[in-house]
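What follows is input.cif (mmCIF, N, CA and C atoms).
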data_structure
#
loop_
_atom_site.label_atom_id
_atom_site.label_comp_id
_atom_site.auth_asym_id
_atom_site.auth_seq_id
_atom_site.Cartn_x
_atom_site.Cartn_y
_atom_site.Cartn_z
N MET J 11 74.30 70.36 -52.95
CA MET J 11 73.35 70.34 -54.02
C MET J 11 72.18 71.25 -53.66
N ILE J 12 71.85 72.15 -54.53
CA ILE J 12 70.76 73.09 -54.33
C ILE J 12 69.50 72.51 -54.98
N GLU J 13 68.45 72.43 -54.16
CA GLU J 13 67.18 71.93 -54.70
C GLU J 13 66.44 73.05 -55.40
N LYS J 14 65.68 72.69 -56.37
CA LYS J 14 64.89 73.65 -57.12
C LYS J 14 63.75 74.16 -56.23
N GLN J 15 63.59 75.47 -56.15
CA GLN J 15 62.50 76.06 -55.36
C GLN J 15 61.22 76.05 -56.18
N ILE J 16 60.15 75.69 -55.51
CA ILE J 16 58.84 75.69 -56.17
C ILE J 16 58.04 76.85 -55.60
N PRO J 17 57.58 77.75 -56.45
CA PRO J 17 56.82 78.91 -55.94
C PRO J 17 55.47 78.49 -55.38
N ILE J 18 55.03 79.22 -54.38
CA ILE J 18 53.71 79.00 -53.79
C ILE J 18 52.74 79.97 -54.46
N THR J 19 51.66 79.43 -54.96
CA THR J 19 50.69 80.25 -55.67
C THR J 19 49.55 80.67 -54.74
N ASN J 20 48.75 81.60 -55.20
CA ASN J 20 47.56 82.01 -54.44
C ASN J 20 46.62 80.83 -54.22
N GLU J 21 46.53 79.96 -55.20
CA GLU J 21 45.68 78.78 -55.06
C GLU J 21 46.19 77.87 -53.95
N ASP J 22 47.52 77.74 -53.83
CA ASP J 22 48.10 76.94 -52.75
C ASP J 22 47.72 77.52 -51.39
N ILE J 23 47.79 78.82 -51.28
CA ILE J 23 47.45 79.50 -50.03
C ILE J 23 45.97 79.31 -49.70
N LYS J 24 45.11 79.47 -50.69
CA LYS J 24 43.67 79.28 -50.48
C LYS J 24 43.36 77.86 -50.03
N GLU J 25 44.00 76.89 -50.65
CA GLU J 25 43.78 75.49 -50.28
C GLU J 25 44.21 75.23 -48.84
N LEU J 26 45.36 75.75 -48.45
CA LEU J 26 45.85 75.59 -47.09
C LEU J 26 44.91 76.26 -46.09
N PHE J 27 44.44 77.47 -46.40
CA PHE J 27 43.52 78.19 -45.54
C PHE J 27 42.21 77.42 -45.38
N ASN J 28 41.67 76.89 -46.48
CA ASN J 28 40.41 76.14 -46.41
C ASN J 28 40.54 74.89 -45.55
N LYS J 29 41.68 74.22 -45.62
CA LYS J 29 41.91 73.04 -44.78
C LYS J 29 41.98 73.44 -43.31
N GLN J 30 42.67 74.54 -43.02
CA GLN J 30 42.79 75.03 -41.63
C GLN J 30 41.42 75.43 -41.10
N GLU J 31 40.64 76.11 -41.93
CA GLU J 31 39.31 76.57 -41.51
C GLU J 31 38.39 75.37 -41.24
N ALA J 32 38.46 74.36 -42.06
CA ALA J 32 37.65 73.16 -41.86
C ALA J 32 38.03 72.47 -40.56
N LEU J 33 39.32 72.37 -40.27
CA LEU J 33 39.78 71.76 -39.03
C LEU J 33 39.32 72.59 -37.83
N SER J 34 39.43 73.90 -37.93
CA SER J 34 38.99 74.79 -36.86
C SER J 34 37.51 74.59 -36.55
N LYS J 35 36.68 74.52 -37.57
CA LYS J 35 35.24 74.32 -37.38
C LYS J 35 34.96 72.96 -36.73
N LYS J 36 35.67 71.94 -37.17
CA LYS J 36 35.49 70.60 -36.63
C LYS J 36 35.85 70.57 -35.13
N LEU J 37 36.97 71.18 -34.78
CA LEU J 37 37.39 71.23 -33.38
C LEU J 37 36.42 72.03 -32.53
N THR J 38 35.92 73.14 -33.07
CA THR J 38 34.97 73.96 -32.35
C THR J 38 33.69 73.19 -32.04
N LYS J 39 33.20 72.45 -33.00
CA LYS J 39 31.98 71.68 -32.80
C LYS J 39 32.15 70.58 -31.76
N ARG J 40 33.36 70.11 -31.58
CA ARG J 40 33.62 69.02 -30.64
C ARG J 40 34.13 69.53 -29.28
N SER J 41 34.23 70.84 -29.12
CA SER J 41 34.77 71.42 -27.89
C SER J 41 33.66 71.74 -26.90
N ILE J 42 34.00 71.70 -25.63
CA ILE J 42 33.09 72.13 -24.58
C ILE J 42 33.85 72.97 -23.57
N THR J 43 33.11 73.74 -22.81
CA THR J 43 33.67 74.48 -21.70
C THR J 43 33.05 73.93 -20.43
N LEU J 44 33.86 73.54 -19.50
CA LEU J 44 33.37 73.03 -18.23
C LEU J 44 33.31 74.19 -17.24
N TYR J 45 32.14 74.39 -16.65
CA TYR J 45 31.94 75.50 -15.71
C TYR J 45 31.57 74.94 -14.35
N LYS J 46 32.30 75.33 -13.32
CA LYS J 46 32.01 74.90 -11.96
C LYS J 46 31.08 75.94 -11.34
N ASP J 47 29.83 75.60 -11.14
CA ASP J 47 28.79 76.52 -10.68
C ASP J 47 28.78 76.60 -9.15
N GLU J 48 29.81 77.20 -8.57
CA GLU J 48 29.95 77.27 -7.12
C GLU J 48 28.90 78.16 -6.45
N ASN J 49 28.37 79.13 -7.17
CA ASN J 49 27.38 80.05 -6.58
C ASN J 49 25.95 79.73 -7.00
N ASN J 50 25.73 78.56 -7.57
CA ASN J 50 24.39 78.12 -8.00
C ASN J 50 23.70 79.17 -8.87
N LEU J 51 24.40 79.64 -9.89
CA LEU J 51 23.86 80.65 -10.79
C LEU J 51 23.13 80.05 -11.98
N LEU J 52 23.33 78.76 -12.22
CA LEU J 52 22.68 78.10 -13.34
C LEU J 52 21.60 77.16 -12.84
N PRO J 53 20.55 76.96 -13.56
CA PRO J 53 20.24 77.59 -14.84
C PRO J 53 19.78 79.03 -14.65
N ILE J 54 19.85 79.79 -15.73
CA ILE J 54 19.34 81.16 -15.71
C ILE J 54 17.82 81.05 -15.75
N LYS J 55 17.18 81.72 -14.81
CA LYS J 55 15.72 81.63 -14.68
C LYS J 55 15.03 82.75 -15.45
N GLU J 56 13.83 82.46 -15.89
CA GLU J 56 13.03 83.45 -16.61
C GLU J 56 12.84 84.68 -15.71
N GLY J 57 13.01 85.84 -16.29
CA GLY J 57 12.83 87.09 -15.56
C GLY J 57 14.10 87.66 -14.94
N GLU J 58 15.17 86.86 -14.88
CA GLU J 58 16.42 87.37 -14.34
C GLU J 58 17.07 88.31 -15.35
N LYS J 59 17.65 89.38 -14.85
CA LYS J 59 18.35 90.32 -15.72
C LYS J 59 19.78 89.84 -15.90
N VAL J 60 20.13 89.59 -17.15
CA VAL J 60 21.44 89.01 -17.47
C VAL J 60 22.21 89.97 -18.37
N LEU J 61 23.47 90.19 -18.02
CA LEU J 61 24.38 90.99 -18.83
C LEU J 61 25.42 90.06 -19.43
N SER J 62 25.58 90.13 -20.73
CA SER J 62 26.60 89.35 -21.43
C SER J 62 27.73 90.29 -21.84
N LEU J 63 28.93 89.99 -21.40
CA LEU J 63 30.12 90.77 -21.75
C LEU J 63 30.97 89.94 -22.70
N PHE J 64 31.26 90.51 -23.85
CA PHE J 64 31.94 89.77 -24.90
C PHE J 64 33.07 90.63 -25.45
N PRO J 65 34.29 90.10 -25.54
CA PRO J 65 35.38 90.91 -26.08
C PRO J 65 35.24 91.10 -27.59
N LYS J 66 35.58 92.29 -28.05
CA LYS J 66 35.63 92.51 -29.49
C LYS J 66 36.77 91.67 -30.05
N LEU J 67 36.48 90.93 -31.09
CA LEU J 67 37.52 90.10 -31.69
C LEU J 67 38.32 90.93 -32.67
N ASN J 68 39.61 91.03 -32.42
CA ASN J 68 40.52 91.75 -33.30
C ASN J 68 41.28 90.73 -34.13
N ILE J 69 40.92 90.65 -35.38
CA ILE J 69 41.53 89.66 -36.27
C ILE J 69 42.93 90.14 -36.65
N ALA J 70 43.92 89.32 -36.33
CA ALA J 70 45.30 89.69 -36.59
C ALA J 70 45.89 88.93 -37.78
N SER J 71 45.32 87.76 -38.07
CA SER J 71 45.87 86.96 -39.16
C SER J 71 44.81 86.00 -39.67
N LEU J 72 45.11 85.30 -40.74
CA LEU J 72 44.17 84.32 -41.27
C LEU J 72 43.90 83.20 -40.28
N VAL J 73 44.83 82.95 -39.39
CA VAL J 73 44.65 81.92 -38.38
C VAL J 73 43.50 82.29 -37.44
N ASP J 74 43.21 83.58 -37.30
CA ASP J 74 42.13 84.05 -36.44
C ASP J 74 40.76 83.93 -37.08
N ASN J 75 40.67 83.22 -38.18
CA ASN J 75 39.39 82.93 -38.83
C ASN J 75 38.66 84.19 -39.28
N VAL J 76 39.30 84.95 -40.13
CA VAL J 76 38.74 86.20 -40.61
C VAL J 76 37.37 86.02 -41.28
N SER J 77 37.09 84.84 -41.80
CA SER J 77 35.83 84.63 -42.50
C SER J 77 34.67 84.28 -41.57
N ASN J 78 34.95 84.01 -40.30
CA ASN J 78 33.89 83.66 -39.36
C ASN J 78 33.21 84.91 -38.82
N GLU J 79 31.87 84.87 -38.74
CA GLU J 79 31.17 85.99 -38.16
C GLU J 79 31.24 85.91 -36.64
N GLN J 80 31.13 87.05 -35.99
CA GLN J 80 31.16 87.09 -34.54
C GLN J 80 29.74 86.83 -34.04
N ILE J 81 29.55 85.75 -33.30
CA ILE J 81 28.25 85.40 -32.75
C ILE J 81 28.37 85.44 -31.24
N SER J 82 27.47 86.18 -30.61
CA SER J 82 27.52 86.28 -29.16
C SER J 82 26.25 85.68 -28.55
N LEU J 83 26.21 85.65 -27.25
CA LEU J 83 25.14 85.01 -26.50
C LEU J 83 23.77 85.61 -26.76
N GLY J 84 23.72 86.91 -27.03
CA GLY J 84 22.45 87.59 -27.26
C GLY J 84 21.66 87.02 -28.43
N LYS J 85 22.31 86.30 -29.29
CA LYS J 85 21.62 85.68 -30.42
C LYS J 85 20.75 84.51 -29.95
N TYR J 86 21.07 83.95 -28.78
CA TYR J 86 20.41 82.73 -28.34
C TYR J 86 19.42 82.91 -27.19
N PHE J 87 19.56 83.97 -26.40
CA PHE J 87 18.56 84.21 -25.35
C PHE J 87 18.55 85.68 -24.96
N ASP J 88 17.49 86.07 -24.25
CA ASP J 88 17.26 87.47 -23.91
C ASP J 88 18.25 87.95 -22.85
N CYS J 89 19.15 88.83 -23.26
CA CYS J 89 20.10 89.44 -22.33
C CYS J 89 20.58 90.74 -22.94
N ASP J 90 21.12 91.59 -22.11
CA ASP J 90 21.77 92.80 -22.61
C ASP J 90 23.22 92.45 -22.87
N GLU J 91 23.79 93.08 -23.88
CA GLU J 91 25.17 92.77 -24.26
C GLU J 91 26.04 94.02 -24.29
N ILE J 92 27.26 93.83 -23.91
CA ILE J 92 28.29 94.84 -24.11
C ILE J 92 29.47 94.13 -24.76
N ILE J 93 29.88 94.62 -25.91
CA ILE J 93 31.09 94.12 -26.55
C ILE J 93 32.19 95.09 -26.19
N TYR J 94 33.14 94.62 -25.40
CA TYR J 94 34.19 95.51 -24.88
C TYR J 94 35.48 95.33 -25.66
N ASN J 95 36.29 96.41 -25.63
CA ASN J 95 37.50 96.40 -26.44
C ASN J 95 38.76 96.71 -25.64
N ASP J 96 38.64 97.51 -24.60
CA ASP J 96 39.85 97.82 -23.82
C ASP J 96 39.49 98.29 -22.41
N GLU J 97 40.50 98.55 -21.63
CA GLU J 97 40.33 98.88 -20.21
C GLU J 97 39.64 100.22 -19.97
N LYS J 98 39.61 101.09 -20.93
CA LYS J 98 38.95 102.39 -20.76
C LYS J 98 37.46 102.23 -20.48
N GLU J 99 36.89 101.13 -20.90
CA GLU J 99 35.46 100.87 -20.74
C GLU J 99 35.10 100.22 -19.41
N PHE J 100 36.08 99.76 -18.66
CA PHE J 100 35.81 98.93 -17.49
C PHE J 100 35.01 99.62 -16.40
N GLU J 101 35.31 100.86 -16.08
CA GLU J 101 34.58 101.55 -15.03
C GLU J 101 33.09 101.63 -15.37
N ASN J 102 32.79 101.97 -16.60
CA ASN J 102 31.40 102.03 -17.07
C ASN J 102 30.74 100.65 -17.02
N ILE J 103 31.45 99.62 -17.43
CA ILE J 103 30.91 98.26 -17.42
C ILE J 103 30.61 97.82 -16.00
N VAL J 104 31.53 98.06 -15.08
CA VAL J 104 31.33 97.65 -13.68
C VAL J 104 30.11 98.36 -13.10
N GLN J 105 29.94 99.64 -13.38
CA GLN J 105 28.78 100.38 -12.89
C GLN J 105 27.48 99.81 -13.47
N LYS J 106 27.46 99.56 -14.76
CA LYS J 106 26.26 99.00 -15.41
C LYS J 106 25.95 97.61 -14.88
N SER J 107 26.97 96.82 -14.59
CA SER J 107 26.77 95.43 -14.17
C SER J 107 26.05 95.32 -12.83
N LYS J 108 26.07 96.37 -12.04
CA LYS J 108 25.45 96.34 -10.71
C LYS J 108 23.94 96.16 -10.76
N LYS J 109 23.29 96.52 -11.87
CA LYS J 109 21.83 96.41 -11.97
C LYS J 109 21.37 95.05 -12.51
N TYR J 110 22.29 94.12 -12.70
CA TYR J 110 21.96 92.80 -13.25
C TYR J 110 22.03 91.73 -12.18
N ASP J 111 21.21 90.67 -12.37
CA ASP J 111 21.22 89.52 -11.46
C ASP J 111 22.40 88.61 -11.73
N LYS J 112 22.75 88.48 -13.03
CA LYS J 112 23.84 87.58 -13.42
C LYS J 112 24.64 88.21 -14.55
N ILE J 113 25.92 87.87 -14.58
CA ILE J 113 26.83 88.40 -15.60
C ILE J 113 27.52 87.21 -16.26
N VAL J 114 27.41 87.15 -17.58
CA VAL J 114 28.12 86.13 -18.34
C VAL J 114 29.32 86.81 -18.99
N LEU J 115 30.50 86.38 -18.61
CA LEU J 115 31.74 86.96 -19.14
C LEU J 115 32.38 85.99 -20.12
N ALA J 116 32.37 86.37 -21.38
CA ALA J 116 33.01 85.55 -22.41
C ALA J 116 34.45 86.05 -22.59
N THR J 117 35.35 85.14 -22.91
CA THR J 117 36.74 85.52 -23.15
C THR J 117 37.20 84.91 -24.47
N TYR J 118 38.30 85.44 -24.97
CA TYR J 118 38.87 84.95 -26.22
C TYR J 118 40.39 85.02 -26.11
N ASN J 119 41.05 83.88 -26.19
CA ASN J 119 42.51 83.83 -26.13
C ASN J 119 43.07 84.69 -25.01
N THR J 120 42.64 84.43 -23.81
CA THR J 120 43.06 85.26 -22.68
C THR J 120 44.18 84.60 -21.89
N ASN J 121 44.82 85.41 -21.06
CA ASN J 121 45.85 84.91 -20.16
C ASN J 121 45.79 85.75 -18.89
N LYS J 122 46.64 85.45 -17.92
CA LYS J 122 46.54 86.10 -16.61
C LYS J 122 46.80 87.61 -16.65
N ASP J 123 47.44 88.12 -17.67
CA ASP J 123 47.74 89.54 -17.75
C ASP J 123 46.89 90.29 -18.78
N SER J 124 45.92 89.64 -19.36
CA SER J 124 45.14 90.27 -20.42
C SER J 124 44.12 91.25 -19.87
N PHE J 125 43.62 92.12 -20.73
CA PHE J 125 42.60 93.07 -20.29
C PHE J 125 41.31 92.34 -19.93
N GLN J 126 41.07 91.17 -20.49
CA GLN J 126 39.89 90.39 -20.14
C GLN J 126 39.98 89.88 -18.70
N THR J 127 41.16 89.46 -18.29
CA THR J 127 41.37 89.01 -16.92
C THR J 127 41.20 90.17 -15.95
N LYS J 128 41.67 91.35 -16.34
CA LYS J 128 41.50 92.52 -15.48
C LYS J 128 40.03 92.85 -15.28
N LEU J 129 39.21 92.71 -16.33
CA LEU J 129 37.78 92.94 -16.19
C LEU J 129 37.17 91.90 -15.25
N PHE J 130 37.53 90.65 -15.40
CA PHE J 130 37.05 89.58 -14.52
C PHE J 130 37.30 89.95 -13.06
N ASN J 131 38.49 90.44 -12.77
CA ASN J 131 38.85 90.79 -11.39
C ASN J 131 38.04 91.94 -10.82
N LEU J 132 37.44 92.78 -11.68
CA LEU J 132 36.65 93.92 -11.23
C LEU J 132 35.16 93.59 -11.00
N LEU J 133 34.70 92.49 -11.55
CA LEU J 133 33.27 92.16 -11.50
C LEU J 133 32.89 91.42 -10.23
N ASP J 134 31.61 91.51 -9.86
CA ASP J 134 31.06 90.84 -8.68
C ASP J 134 31.04 89.33 -8.91
N LYS J 135 31.87 88.60 -8.20
CA LYS J 135 32.00 87.14 -8.39
C LYS J 135 30.73 86.39 -8.01
N ASN J 136 29.86 87.00 -7.18
CA ASN J 136 28.62 86.34 -6.79
C ASN J 136 27.57 86.37 -7.90
N LYS J 137 27.83 87.12 -8.96
CA LYS J 137 26.92 87.20 -10.10
C LYS J 137 27.54 86.60 -11.36
N LEU J 138 28.80 86.28 -11.32
CA LEU J 138 29.57 85.97 -12.51
C LEU J 138 29.46 84.51 -12.95
N ILE J 139 29.08 84.35 -14.19
CA ILE J 139 29.02 83.01 -14.79
C ILE J 139 30.18 82.91 -15.77
#

For the structure just supplied, provide its representation as structure tokens.
Amino acid sequence: MIEKQIPITNEDIKELFNKQEALSKKLTKRSITLYKDENNLLPIKEGEKVLSLFPKLNIASLVDNVSNEQISLGKYFDCDEIIYNDEKEFENIVQKSKKYDKIVLATYNTNKDSFQTKLFNLLDKNKLI
């Protein structure tokens, strides 16, 4: 017996996306990152030079939250920022990072072979948050 197929409309897709986006926001608000401060880098003290490294977010699908704006650490406190996109920038980033007291490295959907992990391996671990 063949069941009747029901077409999916644009409204159905929008409703599904809105539900996913609401769930994503709820999970984000309830999430935390646990950081083990082995080098006593926190709290960041007034007057310290801080570099924030943030990967450029490449939106590949609606699941990647295309409607969300990219907010980085520089919005919340005084630091210099570099938004990096690929390995071609790493040599320049490593050289620039030498003049900072602390480096905050943000990641997004990374794994052991990602370009973000490669950047982590190049940076001074005694400054890295």

Show me, as a compact mmCIF listing (two decimals) with N, CA and C atoms, keeping the file's coordinate frame, the residues that have an atom within 7 Å of Thr117 of chain J when counting all atoms listed in the file, minus same-chain residues fewer than 2 positions from it.
# COMPACT_ATOMS: atom_id res chain seq x y z
N LEU J 63 28.93 89.99 -21.40
CA LEU J 63 30.12 90.77 -21.75
C LEU J 63 30.97 89.94 -22.70
N PHE J 64 31.26 90.51 -23.85
CA PHE J 64 31.94 89.77 -24.90
C PHE J 64 33.07 90.63 -25.45
N PRO J 65 34.29 90.10 -25.54
CA PRO J 65 35.38 90.91 -26.08
C PRO J 65 35.24 91.10 -27.59
N LEU J 115 30.50 86.38 -18.61
CA LEU J 115 31.74 86.96 -19.14
C LEU J 115 32.38 85.99 -20.12
N ASN J 119 41.05 83.88 -26.19
CA ASN J 119 42.51 83.83 -26.13
C ASN J 119 43.07 84.69 -25.01
N THR J 120 42.64 84.43 -23.81
CA THR J 120 43.06 85.26 -22.68
C THR J 120 44.18 84.60 -21.89
N GLN J 126 41.07 91.17 -20.49
CA GLN J 126 39.89 90.39 -20.14
C GLN J 126 39.98 89.88 -18.70

How far is it from atom CA of Glu91 of chain J to atom CA of Glu58 of chain J, in Å with one decimal?
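For atom CA of Glu91 of chain J relative to atom CA of Glu58 of chain J, the distance reads 14.3 Å.
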
Tell me, in Å to one decimal, how far atom CA of Leu61 of chain J is from atom C of Lys112 of chain J.
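Distance reported for this atom pair: 5.1 Å.
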
Nearest residue to Asn136 of chain J out of J:Asp123, J:Leu83, J:Ile54, J:Glu48, using only C-alpha atoms?
J:Glu48

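Once the PyMOL selection byres ((chain J and resi 95-98) around 7) is applied to the shown structure, the selection contains Phe64, Pro65, Lys66, Ile93, Tyr94, Glu99, Phe100, Glu101, Asn102 and Phe125 of chain J.
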